[in-house]
Amino acid sequence: MKSVALNATPRALKRRAGAKALREKGRIPAVIYGRQAQAQNLEVQAKEMEDLIHRSVSENVLVDLEVKDDARPKRLALVQEIQHHPLSGKVLHVDFHEVAENEKVTVNVPVETVGEAAGVKNSGGVLEHILFKLKVRSLPKDLPEQIIIDVSSLELGKAIHIGEIKLSDGVEILGDKNIPVVSVALPRT
């Protein structure tokens with residue numbers, strides 16, 4: 001996964017009133033935490049964050065966070081959680097998890113399918129997407145944004161299991177290797 005540059009500043013305003021005042025100025029409250037240092041309150045530009053989210057395939061984004069006027073200005077972080085407003089969908093808060101470049105991280109990665117299964121096209125089967133996310137462990141730079149599975153050779157009654165999915169070197173899928181991710185089943189009548 002390629003890291004994306006993002007600018008942030010330390011946040012002085014706290015609590016609900018402070019967060020509300022920030023949002024009115026077009027900024028989003030954020031926090032960064034990790035093993036290397038104490039948690040720190042930050043603020044980022046709303047426009048920059050929304051552009052970052054819209055350009056990425058999933059909410060798993062690796063950022064080169066540049067914190068203005070800080071003792072450690074450059075930090076590598078994963079977007080851990082993004083809180084959205086339930087009605088408008090605007091970003092309310094962002095959590096960044098600081099990671100080291102040489103330390104493996106574990107992340108849930110979305111699974112996407114491509115192609116039309118042969119069992120669906122020829123035999124009238126139904127494609128069942130069983131697992132929508134898989135837990136993956138690797139170095140931050142090697143993390144995939146999404147796992148793409150080609151289902152075009154999948155016949156009726158067959159499945160693709162976790163153990164059959166091949167990813168690049170250094171990327172490991174965690175979990176029982178016999179669990180199906182995608183299958184083609186007979187339709188129920």
# chains A, B, ... in the order shown; residues from 1 in each chain; ligands from 1

call {"tool": "residues_around", "arguments": {"residues": "range 147-151 of chain A", "least_positions_apart": "5", "cutoff": "8 Å", "atoms": "only C-alpha atoms", "output": "PDB file with all heavy atoms, in the first residue's frame"}}
result
ATOM      1  N   VAL A 109      -8.869  -6.458   5.553  1.00  0.00           N
ATOM      2  CA  VAL A 109      -8.828  -5.975   4.180  1.00  0.00           C
ATOM      3  C   VAL A 109     -10.085  -6.455   3.456  1.00  0.00           C
ATOM      4  O   VAL A 109     -10.436  -7.633   3.546  1.00  0.00           O
ATOM      5  CB  VAL A 109      -7.559  -6.491   3.465  1.00  0.00           C
ATOM      6  CG1 VAL A 109      -7.523  -6.051   2.021  1.00  0.00           C
ATOM      7  CG2 VAL A 109      -6.313  -6.024   4.194  1.00  0.00           C
ATOM      8  N   PRO A 110     -10.780  -5.565   2.720  1.00  0.00           N
ATOM      9  CA  PRO A 110     -11.988  -5.976   2.009  1.00  0.00           C
ATOM     10  C   PRO A 110     -11.688  -6.938   0.857  1.00  0.00           C
ATOM     11  O   PRO A 110     -10.631  -6.866   0.235  1.00  0.00           O
ATOM     12  CB  PRO A 110     -12.576  -4.662   1.495  1.00  0.00           C
ATOM     13  CG  PRO A 110     -11.477  -3.681   1.538  1.00  0.00           C
ATOM     14  CD  PRO A 110     -10.509  -4.146   2.576  1.00  0.00           C
ATOM     15  N   VAL A 111     -12.643  -7.832   0.584  1.00  0.00           N
ATOM     16  CA  VAL A 111     -12.528  -8.818  -0.488  1.00  0.00           C
ATOM     17  C   VAL A 111     -13.497  -8.436  -1.607  1.00  0.00           C
ATOM     18  O   VAL A 111     -14.676  -8.187  -1.358  1.00  0.00           O
ATOM     19  CB  VAL A 111     -12.876 -10.231   0.031  1.00  0.00           C
ATOM     20  CG1 VAL A 111     -12.849 -11.245  -1.095  1.00  0.00           C
ATOM     21  CG2 VAL A 111     -11.936 -10.631   1.144  1.00  0.00           C
ATOM     22  N   GLU A 112     -12.979  -8.375  -2.832  1.00  0.00           N
ATOM     23  CA  GLU A 112     -13.795  -8.075  -4.012  1.00  0.00           C
ATOM     24  C   GLU A 112     -13.667  -9.220  -5.006  1.00  0.00           C
ATOM     25  O   GLU A 112     -12.611  -9.851  -5.098  1.00  0.00           O
ATOM     26  CB  GLU A 112     -13.338  -6.767  -4.670  1.00  0.00           C
ATOM     27  CG  GLU A 112     -13.553  -5.540  -3.825  1.00  0.00           C
ATOM     28  CD  GLU A 112     -15.005  -5.191  -3.597  1.00  0.00           C
ATOM     29  OE1 GLU A 112     -15.831  -5.428  -4.509  1.00  0.00           O
ATOM     30  OE2 GLU A 112     -15.314  -4.709  -2.505  1.00  0.00           O
ATOM     31  N   THR A 113     -14.726  -9.476  -5.761  1.00  0.00           N
ATOM     32  CA  THR A 113     -14.692 -10.521  -6.776  1.00  0.00           C
ATOM     33  C   THR A 113     -14.742  -9.886  -8.162  1.00  0.00           C
ATOM     34  O   THR A 113     -15.352  -8.830  -8.351  1.00  0.00           O
ATOM     35  CB  THR A 113     -15.882 -11.484  -6.625  1.00  0.00           C
ATOM     36  OG1 THR A 113     -17.099 -10.760  -6.727  1.00  0.00           O
ATOM     37  CG2 THR A 113     -15.838 -12.206  -5.295  1.00  0.00           C
ATOM     38  N   VAL A 114     -14.084 -10.540  -9.121  1.00  0.00           N
ATOM     39  CA  VAL A 114     -14.130 -10.106 -10.511  1.00  0.00           C
ATOM     40  C   VAL A 114     -14.506 -11.303 -11.379  1.00  0.00           C
ATOM     41  O   VAL A 114     -14.211 -12.444 -11.036  1.00  0.00           O
ATOM     42  CB  VAL A 114     -12.785  -9.504 -10.995  1.00  0.00           C
ATOM     43  CG1 VAL A 114     -12.492  -8.203 -10.304  1.00  0.00           C
ATOM     44  CG2 VAL A 114     -11.646 -10.471 -10.816  1.00  0.00           C
ATOM     45  N   GLY A 115     -15.150 -11.020 -12.490  1.00  0.00           N
ATOM     46  CA  GLY A 115     -15.552 -12.070 -13.417  1.00  0.00           C
ATOM     47  C   GLY A 115     -16.915 -12.644 -13.067  1.00  0.00           C
ATOM     48  O   GLY A 115     -17.487 -12.362 -12.017  1.00  0.00           O
ATOM     49  N   GLU A 116     -17.426 -13.452 -13.996  1.00  0.00           N
ATOM     50  CA  GLU A 116     -18.708 -14.133 -13.772  1.00  0.00           C
ATOM     51  C   GLU A 116     -18.422 -15.618 -13.636  1.00  0.00           C
ATOM     52  O   GLU A 116     -17.784 -16.221 -14.506  1.00  0.00           O
ATOM     53  CB  GLU A 116     -19.660 -13.884 -14.943  1.00  0.00           C
ATOM     54  CG  GLU A 116     -21.035 -14.444 -14.700  1.00  0.00           C
ATOM     55  CD  GLU A 116     -22.017 -14.119 -15.817  1.00  0.00           C
ATOM     56  OE1 GLU A 116     -21.616 -13.490 -16.795  1.00  0.00           O
ATOM     57  OE2 GLU A 116     -23.181 -14.521 -15.679  1.00  0.00           O
ATOM     58  N   ALA A 117     -18.877 -16.197 -12.555  1.00  0.00           N
ATOM     59  CA  ALA A 117     -18.604 -17.603 -12.280  1.00  0.00           C
ATOM     60  C   ALA A 117     -19.248 -18.494 -13.331  1.00  0.00           C
ATOM     61  O   ALA A 117     -20.384 -18.262 -13.759  1.00  0.00           O
ATOM     62  CB  ALA A 117     -19.103 -17.967 -10.889  1.00  0.00           C
ATOM     63  N   ILE A 165      -6.124 -18.531  -1.620  1.00  0.00           N
ATOM     64  CA  ILE A 165      -5.880 -17.156  -2.063  1.00  0.00           C
ATOM     65  C   ILE A 165      -4.386 -16.867  -1.963  1.00  0.00           C
ATOM     66  O   ILE A 165      -3.772 -17.041  -0.919  1.00  0.00           O
ATOM     67  CB  ILE A 165      -6.682 -16.155  -1.208  1.00  0.00           C
ATOM     68  CG1 ILE A 165      -8.177 -16.433  -1.360  1.00  0.00           C
ATOM     69  CG2 ILE A 165      -6.360 -14.730  -1.619  1.00  0.00           C
ATOM     70  CD1 ILE A 165      -9.034 -15.651  -0.416  1.00  0.00           C
TER      71      ILE A 165
END

call {"tool": "residues_around", "arguments": {"residues": "Ile82 in chain A", "least_positions_apart": "6", "cutoff": "10 Å", "atoms": "only C-alpha atoms", "output": "PDB file with all heavy atoms, in the first residue's frame"}}
result
ATOM      1  N   ALA A  30      -8.933  14.868  15.384  1.00  0.00           N
ATOM      2  CA  ALA A  30      -8.314  13.559  15.181  1.00  0.00           C
ATOM      3  C   ALA A  30      -7.440  13.234  16.382  1.00  0.00           C
ATOM      4  O   ALA A  30      -7.160  14.098  17.206  1.00  0.00           O
ATOM      5  CB  ALA A  30      -7.482  13.568  13.906  1.00  0.00           C
ATOM      6  N   ILE A  53     -10.216  10.064   1.538  1.00  0.00           N
ATOM      7  CA  ILE A  53     -11.175   8.964   1.634  1.00  0.00           C
ATOM      8  C   ILE A  53     -11.757   8.634   0.267  1.00  0.00           C
ATOM      9  O   ILE A  53     -11.884   7.464  -0.099  1.00  0.00           O
ATOM     10  CB  ILE A  53     -12.296   9.308   2.638  1.00  0.00           C
ATOM     11  CG1 ILE A  53     -11.723   9.392   4.047  1.00  0.00           C
ATOM     12  CG2 ILE A  53     -13.417   8.284   2.579  1.00  0.00           C
ATOM     13  CD1 ILE A  53     -12.666   9.996   5.055  1.00  0.00           C
ATOM     14  N   GLU A  59     -11.247   2.072   3.476  1.00  0.00           N
ATOM     15  CA  GLU A  59     -10.861   2.989   4.544  1.00  0.00           C
ATOM     16  C   GLU A  59      -9.536   2.579   5.180  1.00  0.00           C
ATOM     17  O   GLU A  59      -9.097   3.190   6.136  1.00  0.00           O
ATOM     18  CB  GLU A  59     -11.973   3.100   5.591  1.00  0.00           C
ATOM     19  CG  GLU A  59     -13.135   3.915   5.090  1.00  0.00           C
ATOM     20  CD  GLU A  59     -14.132   4.301   6.178  1.00  0.00           C
ATOM     21  OE1 GLU A  59     -14.009   3.807   7.320  1.00  0.00           O
ATOM     22  OE2 GLU A  59     -15.025   5.090   5.873  1.00  0.00           O
ATOM     23  N   VAL A  91     -17.383  13.555   7.745  1.00  0.00           N
ATOM     24  CA  VAL A  91     -16.420  12.985   8.686  1.00  0.00           C
ATOM     25  C   VAL A  91     -16.455  13.792   9.976  1.00  0.00           C
ATOM     26  O   VAL A  91     -16.320  15.010   9.963  1.00  0.00           O
ATOM     27  CB  VAL A  91     -15.002  12.991   8.085  1.00  0.00           C
ATOM     28  CG1 VAL A  91     -14.001  12.446   9.080  1.00  0.00           C
ATOM     29  CG2 VAL A  91     -14.969  12.180   6.804  1.00  0.00           C
ATOM     30  N   LEU A  92     -16.645  13.101  11.106  1.00  0.00           N
ATOM     31  CA  LEU A  92     -16.709  13.755  12.415  1.00  0.00           C
ATOM     32  C   LEU A  92     -15.383  13.646  13.177  1.00  0.00           C
ATOM     33  O   LEU A  92     -14.992  14.579  13.876  1.00  0.00           O
ATOM     34  CB  LEU A  92     -17.813  13.136  13.267  1.00  0.00           C
ATOM     35  CG  LEU A  92     -19.244  13.315  12.779  1.00  0.00           C
ATOM     36  CD1 LEU A  92     -20.198  12.579  13.702  1.00  0.00           C
ATOM     37  CD2 LEU A  92     -19.598  14.780  12.706  1.00  0.00           C
ATOM     38  N   HIS A  93     -14.710  12.506  13.051  1.00  0.00           N
ATOM     39  CA  HIS A  93     -13.496  12.274  13.833  1.00  0.00           C
ATOM     40  C   HIS A  93     -12.676  11.185  13.149  1.00  0.00           C
ATOM     41  O   HIS A  93     -13.230  10.283  12.531  1.00  0.00           O
ATOM     42  CB  HIS A  93     -13.858  11.829  15.255  1.00  0.00           C
ATOM     43  CG  HIS A  93     -12.694  11.806  16.184  1.00  0.00           C
ATOM     44  ND1 HIS A  93     -11.869  10.718  16.315  1.00  0.00           N
ATOM     45  CD2 HIS A  93     -12.208  12.750  17.027  1.00  0.00           C
ATOM     46  CE1 HIS A  93     -10.930  10.990  17.210  1.00  0.00           C
ATOM     47  NE2 HIS A  93     -11.113  12.216  17.655  1.00  0.00           N
ATOM     48  N   VAL A  94     -11.357  11.268  13.278  1.00  0.00           N
ATOM     49  CA  VAL A  94     -10.465  10.281  12.673  1.00  0.00           C
ATOM     50  C   VAL A  94      -9.472   9.795  13.723  1.00  0.00           C
ATOM     51  O   VAL A  94      -8.918  10.596  14.472  1.00  0.00           O
ATOM     52  CB  VAL A  94      -9.692  10.892  11.478  1.00  0.00           C
ATOM     53  CG1 VAL A  94      -8.797   9.852  10.840  1.00  0.00           C
ATOM     54  CG2 VAL A  94     -10.637  11.472  10.452  1.00  0.00           C
ATOM     55  N   ASP A  95      -9.267   8.481  13.774  1.00  0.00           N
ATOM     56  CA  ASP A  95      -8.258   7.874  14.637  1.00  0.00           C
ATOM     57  C   ASP A  95      -7.123   7.373  13.758  1.00  0.00           C
ATOM     58  O   ASP A  95      -7.356   6.634  12.793  1.00  0.00           O
ATOM     59  CB  ASP A  95      -8.827   6.673  15.403  1.00  0.00           C
ATOM     60  CG  ASP A  95      -9.745   7.070  16.527  1.00  0.00           C
ATOM     61  OD1 ASP A  95     -10.100   8.250  16.622  1.00  0.00           O
ATOM     62  OD2 ASP A  95     -10.116   6.180  17.317  1.00  0.00           O
ATOM     63  N   PHE A  96      -5.896   7.778  14.090  1.00  0.00           N
ATOM     64  CA  PHE A  96      -4.711   7.298  13.387  1.00  0.00           C
ATOM     65  C   PHE A  96      -3.936   6.385  14.321  1.00  0.00           C
ATOM     66  O   PHE A  96      -3.760   6.699  15.494  1.00  0.00           O
ATOM     67  CB  PHE A  96      -3.796   8.465  12.976  1.00  0.00           C
ATOM     68  CG  PHE A  96      -4.398   9.391  11.970  1.00  0.00           C
ATOM     69  CD1 PHE A  96      -4.841  10.650  12.352  1.00  0.00           C
ATOM     70  CD2 PHE A  96      -4.507   9.025  10.642  1.00  0.00           C
ATOM     71  CE1 PHE A  96      -5.380  11.527  11.430  1.00  0.00           C
ATOM     72  CE2 PHE A  96      -5.048   9.892   9.711  1.00  0.00           C
ATOM     73  CZ  PHE A  96      -5.487  11.149  10.105  1.00  0.00           C
TER      74      PHE A  96
END

call {"tool": "select_by_dssp", "arguments": {"residues": "range 30-75 of chain A", "states": "helix (DSSP H, G or I)", "output": "list of chain:residue names"}}
result
A:Ala46, A:Lys47, A:Glu48, A:Met49, A:Glu50, A:Asp51, A:Leu52, A:Ile53, A:His54, A:Arg55

call {"tool": "atom_distance", "arguments": {"atom1": "CA of His161 in chain A", "atom2": "CA of Ser138 in chain A"}}
result
20.0 Å

call {"tool": "residues_around", "arguments": {"residues": "Gln80 in chain A", "least_positions_apart": "3", "cutoff": "12 Å", "atoms": "only C-alpha atoms", "output": "VMD selection string"}}
result
chain A and resid 30 to 34 58 to 63 77 83 93 to 99 105 to 108

call {"tool": "residues_around", "arguments": {"residues": "range 178-181 of chain A", "least_positions_apart": "2", "cutoff": "6 Å", "atoms": "only C-alpha atoms", "output": "PDB file with N, CA, C and O atoms, in the first residue's frame"}}
result
ATOM      1  N   ILE A 130     -19.200 -15.052   1.017  1.00  0.00           N
ATOM      2  CA  ILE A 130     -19.316 -15.441   2.422  1.00  0.00           C
ATOM      3  C   ILE A 130     -18.536 -14.500   3.342  1.00  0.00           C
ATOM      4  O   ILE A 130     -19.059 -14.007   4.336  1.00  0.00           O
ATOM      5  N   LEU A 131     -17.275 -14.244   3.027  1.00  0.00           N
ATOM      6  CA  LEU A 131     -16.445 -13.343   3.833  1.00  0.00           C
ATOM      7  C   LEU A 131     -16.187 -12.066   3.042  1.00  0.00           C
ATOM      8  O   LEU A 131     -15.684 -12.118   1.929  1.00  0.00           O
ATOM      9  N   ILE A 160     -13.978 -21.115  -3.111  1.00  0.00           N
ATOM     10  CA  ILE A 160     -12.594 -20.664  -2.959  1.00  0.00           C
ATOM     11  C   ILE A 160     -12.384 -20.432  -1.471  1.00  0.00           C
ATOM     12  O   ILE A 160     -13.114 -19.663  -0.846  1.00  0.00           O
ATOM     13  N   HIS A 161     -11.383 -21.128  -0.911  1.00  0.00           N
ATOM     14  CA  HIS A 161     -11.115 -21.056   0.521  1.00  0.00           C
ATOM     15  C   HIS A 161      -9.967 -20.083   0.803  1.00  0.00           C
ATOM     16  O   HIS A 161      -9.227 -19.699  -0.103  1.00  0.00           O
ATOM     17  N   ILE A 162      -9.819 -19.709   2.072  1.00  0.00           N
ATOM     18  CA  ILE A 162      -8.767 -18.777   2.481  1.00  0.00           C
ATOM     19  C   ILE A 162      -7.390 -19.291   2.068  1.00  0.00           C
ATOM     20  O   ILE A 162      -6.557 -18.537   1.588  1.00  0.00           O
ATOM     21  N   ASP A 176      -8.439 -19.767   9.695  1.00  0.00           N
ATOM     22  CA  ASP A 176      -8.495 -21.155   9.273  1.00  0.00           C
ATOM     23  C   ASP A 176      -8.475 -21.220   7.745  1.00  0.00           C
ATOM     24  O   ASP A 176      -9.298 -20.595   7.080  1.00  0.00           O
TER      25      ASP A 176
END

call {"tool": "residues_around", "arguments": {"residues": "Leu52 in chain A", "least_positions_apart": "4", "cutoff": "9 Å", "atoms": "only C-alpha atoms", "output": "list in words"}}
result
Val4, Leu6, Lys47, Glu48, Ser56 and Val61 of chain A

call {"tool": "closest_residue", "arguments": {"among": "A:Pro140, A:Asn122, A:Glu128, A:Glu101", "to": "Val79 in chain A", "atoms": "only C-alpha atoms"}}
result
A:Pro140

call {"tool": "atom_distance", "arguments": {"atom1": "CA of His129 in chain A", "atom2": "CA of Leu167 in chain A"}}
result
19.0 Å

call {"tool": "atom_distance", "arguments": {"atom1": "CA of Ser183 in chain A", "atom2": "CA of Lys158 in chain A"}}
result
5.8 Å

call {"tool": "residues_around", "arguments": {"residues": "Lys90 in chain A", "least_positions_apart": "4", "cutoff": "12 Å", "atoms": "only C-alpha atoms", "output": "PyMOL selection string"}}
result
chain A and resi 23+26-28+46-47+49-51+53-54+82-86+94

call {"tool": "closest_residue", "arguments": {"among": "A:Asn102, A:Ser152, A:Gln146, A:Asn41", "to": "Met1 in chain A", "atoms": "only C-alpha atoms"}}
result
A:Gln146

call {"tool": "residues_around", "arguments": {"residues": "Lys68 in chain A", "least_positions_apart": "4", "cutoff": "8 Å", "atoms": "only C-alpha atoms", "output": "number ranges by chain"}}
result
A: 7-10, 73
